[in-house]
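Data from upload-v4.txt: compact mmCIF, C-alpha atoms
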```
# COMPACT_ATOMS: atom_id res chain seq x y z
CA MET A 10 -4.67 -25.98 13.20
CA PHE A 11 -4.37 -22.22 12.69
CA ALA A 12 -1.20 -20.18 12.96
CA ARG A 13 -0.91 -17.57 15.67
CA GLY A 14 -2.76 -14.42 14.61
CA GLU A 15 -5.15 -16.36 12.38
CA LYS A 16 -8.80 -17.06 12.92
CA ASN A 17 -10.79 -19.14 10.46
CA GLY A 18 -7.81 -19.07 8.10
CA VAL A 19 -7.70 -15.25 7.89
CA ARG A 20 -4.65 -13.43 9.21
CA SER A 21 -5.50 -10.44 11.37
CA GLY A 22 -4.04 -6.94 11.17
CA SER A 23 -2.28 -4.99 13.89
CA GLY A 24 -3.63 -5.52 17.36
CA GLY A 25 -5.47 -8.66 16.24
CA GLN A 26 -8.10 -6.64 14.35
CA MET A 27 -8.89 -6.72 10.65
CA PRO A 28 -8.58 -3.38 8.83
CA SER A 29 -11.74 -1.57 7.80
CA ILE A 30 -11.98 -1.81 4.01
CA ILE A 31 -13.74 0.68 1.76
CA ALA A 32 -14.25 -1.38 -1.40
CA ALA A 33 -13.70 -0.02 -4.91
CA ASP A 34 -17.45 0.33 -5.54
CA VAL A 35 -18.08 2.34 -2.33
CA ARG A 36 -18.32 6.16 -2.18
CA ILE A 37 -18.40 7.94 1.18
CA VAL A 38 -19.35 11.61 1.45
CA GLY A 39 -18.43 13.04 4.84
CA GLN A 40 -15.85 12.44 7.53
CA PHE A 41 -14.53 8.93 8.11
CA SER A 42 -12.86 7.92 11.36
CA SER A 43 -11.39 4.67 12.68
CA GLN A 44 -9.41 3.77 15.80
CA GLY A 45 -7.59 1.10 13.77
CA ASP A 46 -6.36 0.50 10.25
CA VAL A 47 -8.30 1.40 7.10
CA GLN A 48 -7.79 0.42 3.50
CA ILE A 49 -9.51 2.68 0.99
CA ASP A 50 -10.05 1.23 -2.46
CA GLY A 51 -13.18 3.32 -3.11
CA THR A 52 -13.78 7.08 -2.89
CA VAL A 53 -14.00 9.26 0.21
CA GLU A 54 -15.09 12.88 -0.21
CA GLY A 55 -14.26 14.17 3.25
CA ASP A 56 -11.67 13.93 5.97
CA VAL A 57 -10.16 10.61 7.07
CA ARG A 58 -8.69 9.79 10.51
CA ALA A 59 -7.17 6.42 11.35
CA GLN A 60 -4.24 4.69 13.00
CA THR A 61 -3.01 3.53 9.59
CA ALA A 62 -4.50 4.66 6.27
CA THR A 63 -3.77 2.71 3.09
CA ILE A 64 -5.09 4.18 -0.15
CA GLY A 65 -5.08 1.43 -2.77
CA PRO A 66 -4.53 1.92 -6.53
CA THR A 67 -8.27 2.42 -7.11
CA GLY A 68 -8.72 4.53 -3.95
CA ALA A 69 -9.33 8.28 -3.95
CA ILE A 70 -9.65 10.81 -1.14
CA ILE A 71 -10.69 14.44 -1.46
CA GLY A 72 -10.05 15.88 1.99
CA GLU A 73 -7.54 15.79 4.83
CA VAL A 74 -5.93 12.52 5.95
CA VAL A 75 -4.58 12.28 9.52
CA ALA A 76 -2.95 9.04 10.71
CA ASP A 77 0.20 7.64 12.26
CA SER A 78 1.05 6.06 8.91
CA ILE A 79 -0.26 6.82 5.41
CA SER A 80 0.53 4.66 2.38
CA ILE A 81 -0.72 5.94 -0.98
CA SER A 82 -1.00 4.00 -4.22
CA GLY A 83 -4.10 5.85 -5.47
CA ALA A 84 -5.18 9.51 -5.51
CA VAL A 85 -5.32 12.07 -2.69
CA THR A 86 -6.33 15.70 -3.05
CA GLY A 87 -5.88 17.49 0.25
CA ARG A 88 -3.56 17.87 3.22
CA MET A 89 -1.91 14.83 4.82
CA ARG A 90 -0.47 14.68 8.32
CA ALA A 91 1.32 11.57 9.61
CA LYS A 92 4.50 10.29 11.20
CA ASN A 93 5.22 8.13 8.15
CA VAL A 94 4.02 8.90 4.62
CA SER A 95 4.77 6.66 1.66
CA LEU A 96 3.91 7.39 -1.99
CA ALA A 97 4.02 4.39 -4.31
CA ARG A 98 4.90 4.77 -8.00
CA THR A 99 1.16 4.81 -8.86
CA ALA A 100 0.34 7.60 -6.35
CA ARG A 101 -1.28 10.81 -7.56
CA VAL A 102 -1.16 13.43 -4.81
CA LYS A 103 -2.11 17.10 -4.89
CA GLY A 104 -1.78 18.68 -1.47
CA ASP A 105 0.59 19.43 1.36
CA ILE A 106 2.25 16.72 3.46
CA ALA A 107 3.29 17.18 7.10
CA HIS A 108 5.48 14.23 8.15
CA GLU A 109 8.32 12.86 10.23
CA SER A 110 9.33 10.39 7.51
CA LEU A 111 8.49 10.65 3.79
CA SER A 112 9.27 8.26 0.95
CA ILE A 113 8.37 8.82 -2.69
CA GLU A 114 8.91 6.08 -5.28
CA ALA A 115 10.03 6.97 -8.79
CA GLY A 116 6.98 7.52 -10.97
CA ALA A 117 4.76 8.95 -8.21
CA ARG A 118 3.05 12.23 -9.04
CA PHE A 119 3.11 14.80 -6.24
CA GLU A 120 2.25 18.49 -6.32
CA GLY A 121 2.36 20.39 -3.06
CA GLN A 122 4.57 21.33 -0.17
CA VAL A 123 6.19 19.19 2.49
CA GLU A 124 6.75 20.06 6.13
CA ARG A 125 8.97 18.06 8.45
CA LEU A 126 7.35 17.48 11.84
CA ASP A 127 9.49 17.22 14.95
CA GLY A 128 6.79 15.86 17.26
CA ALA A 129 3.55 13.91 17.23
CA ALA A 130 1.64 13.77 13.95
CA LYS A 131 -1.88 13.93 15.39
CA PRO A 132 -3.53 17.18 16.45
CA ALA A 133 -4.72 17.62 20.03
CA GLU A 134 -7.91 15.79 21.06
CA GLY A 135 -10.95 17.74 20.00
CA ALA A 136 -9.05 19.64 17.32
CA ARG A 137 -11.08 20.20 14.18
CA ILE A 138 -9.93 18.66 10.91
CA ASN A 139 -9.99 21.22 8.10
CA ALA A 140 -9.36 20.14 4.51
CA ASN A 141 -8.47 23.73 3.64
CA ALA A 142 -5.87 24.12 6.40
CA VAL A 143 -2.86 26.26 5.62
CA VAL A 144 0.57 25.59 7.11
CA SER A 145 1.19 28.55 9.37
CA SER A 146 4.40 27.49 11.05
CA PRO A 147 7.73 29.20 10.29
CA PRO A 148 9.09 28.25 6.86
CA LYS A 149 10.49 24.74 7.31
CA VAL A 150 8.66 24.01 4.06
CA ALA A 151 10.10 22.95 0.74
CA ALA A 152 8.14 23.16 -2.51
CA VAL A 153 8.31 19.91 -4.46
CA LYS A 154 6.78 19.10 -7.83
CA ILE A 155 7.36 15.67 -9.30
CA ALA A 156 5.90 14.97 -12.72
```
Represent the structure from my file as structure tokens, please.
Amino acid sequence: MFARGEKNGVRSGSGGQMPSIIAADVRIVGQFSSQGDVQIDGTVEGDVRAQTATIGPTGAIIGEVVADSISISGAVTGRMRAKNVSLARTARVKGDIAHESLSIEAGARFEGQVERLDGAAKPAEGARINANAVVSSPPKVAAVKIA
């Protein structure tokens, strides 16, 4: 009756779990953390940690985002750290990006610096997330401004 990976007609996300969704009318002030996938269509004023973070066209984050994969269609002001970072044409980003893989669609607005990571994207367990972090590694950084 249902296809594999579906329950009650709803297809599940990675690992058989639905993503946590922050709806467009929701505003969170403070840190947000999830062991799975999150989709942010509302506003988060604080740091975000997740396996996969998707910032929708109406989504906005003011703070640091740390995940294995970050996909941005909305606005982010702050540092991002992930293995894979993707900026859609509607993305508006102001902050530094530390990544293993970065893609920026034509039309995306990005102001900040990029740093290529050679290892894991997540900081050590117990490490503190700081939205005002400064890249202190040797200059493997390139300044990029796309208008």
Residues within 9 Å of Ala84 (chain A), only C-alpha atoms, excluding chain neighbours under 4 positions, as a ChimeraX atom specification: /A:64-71,99-103
Between CA of Gln60 (chain A) and CA of Ser78 (chain A) lies a distance of 6.8 Å
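Note that CA of Ile30 (chain A) and CA of Gly83 (chain A) are 14.5 Å apart.
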Quick one, how far is CA of Val94 (chain A) from CA of Glu54 (chain A)? 20.1 Å
Could you list, as a ChimeraX atom specification, every residue within 9 Å of Ala115 (chain A), counting all atoms listed in the file and ignoring same-chain residues fewer than 2 positions away? /A:97-98,113,117-118
From A:Val47, A:Leu111, A:Ile31, A:Val74, residue lying nearest Leu126 (chain A) [all atoms listed in the file]: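 Of A:Val47, A:Leu111, A:Ile31, A:Val74, the one nearest Leu126 (chain A) is A:Leu111, counting all atoms listed in the file.
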Can you work out which one of A:Asn93, A:Asp46, A:Glu124, A:Ser82 has the shortest atom-to-atom distance to Ser110 (chain A), counting all atoms listed in the file?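 Among A:Asn93, A:Asp46, A:Glu124, A:Ser82, it is A:Asn93 that comes nearest to Ser110 (chain A).
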With all atoms listed in the file as the basis for distance, which of A:Gln122, A:Thr86, A:Ser80, A:Ser95 is at the shortest distance from Asp56 (chain A)?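 Among the listed residues, A:Thr86 lies closest to Asp56 (chain A).
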Which is closest to Ser42 (chain A) among A:Ala91, A:Met27, A:Ala59, A:Ala107, if we use all atoms listed in the file?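 For Ser42 (chain A), the nearest of the given residues is A:Ala59.
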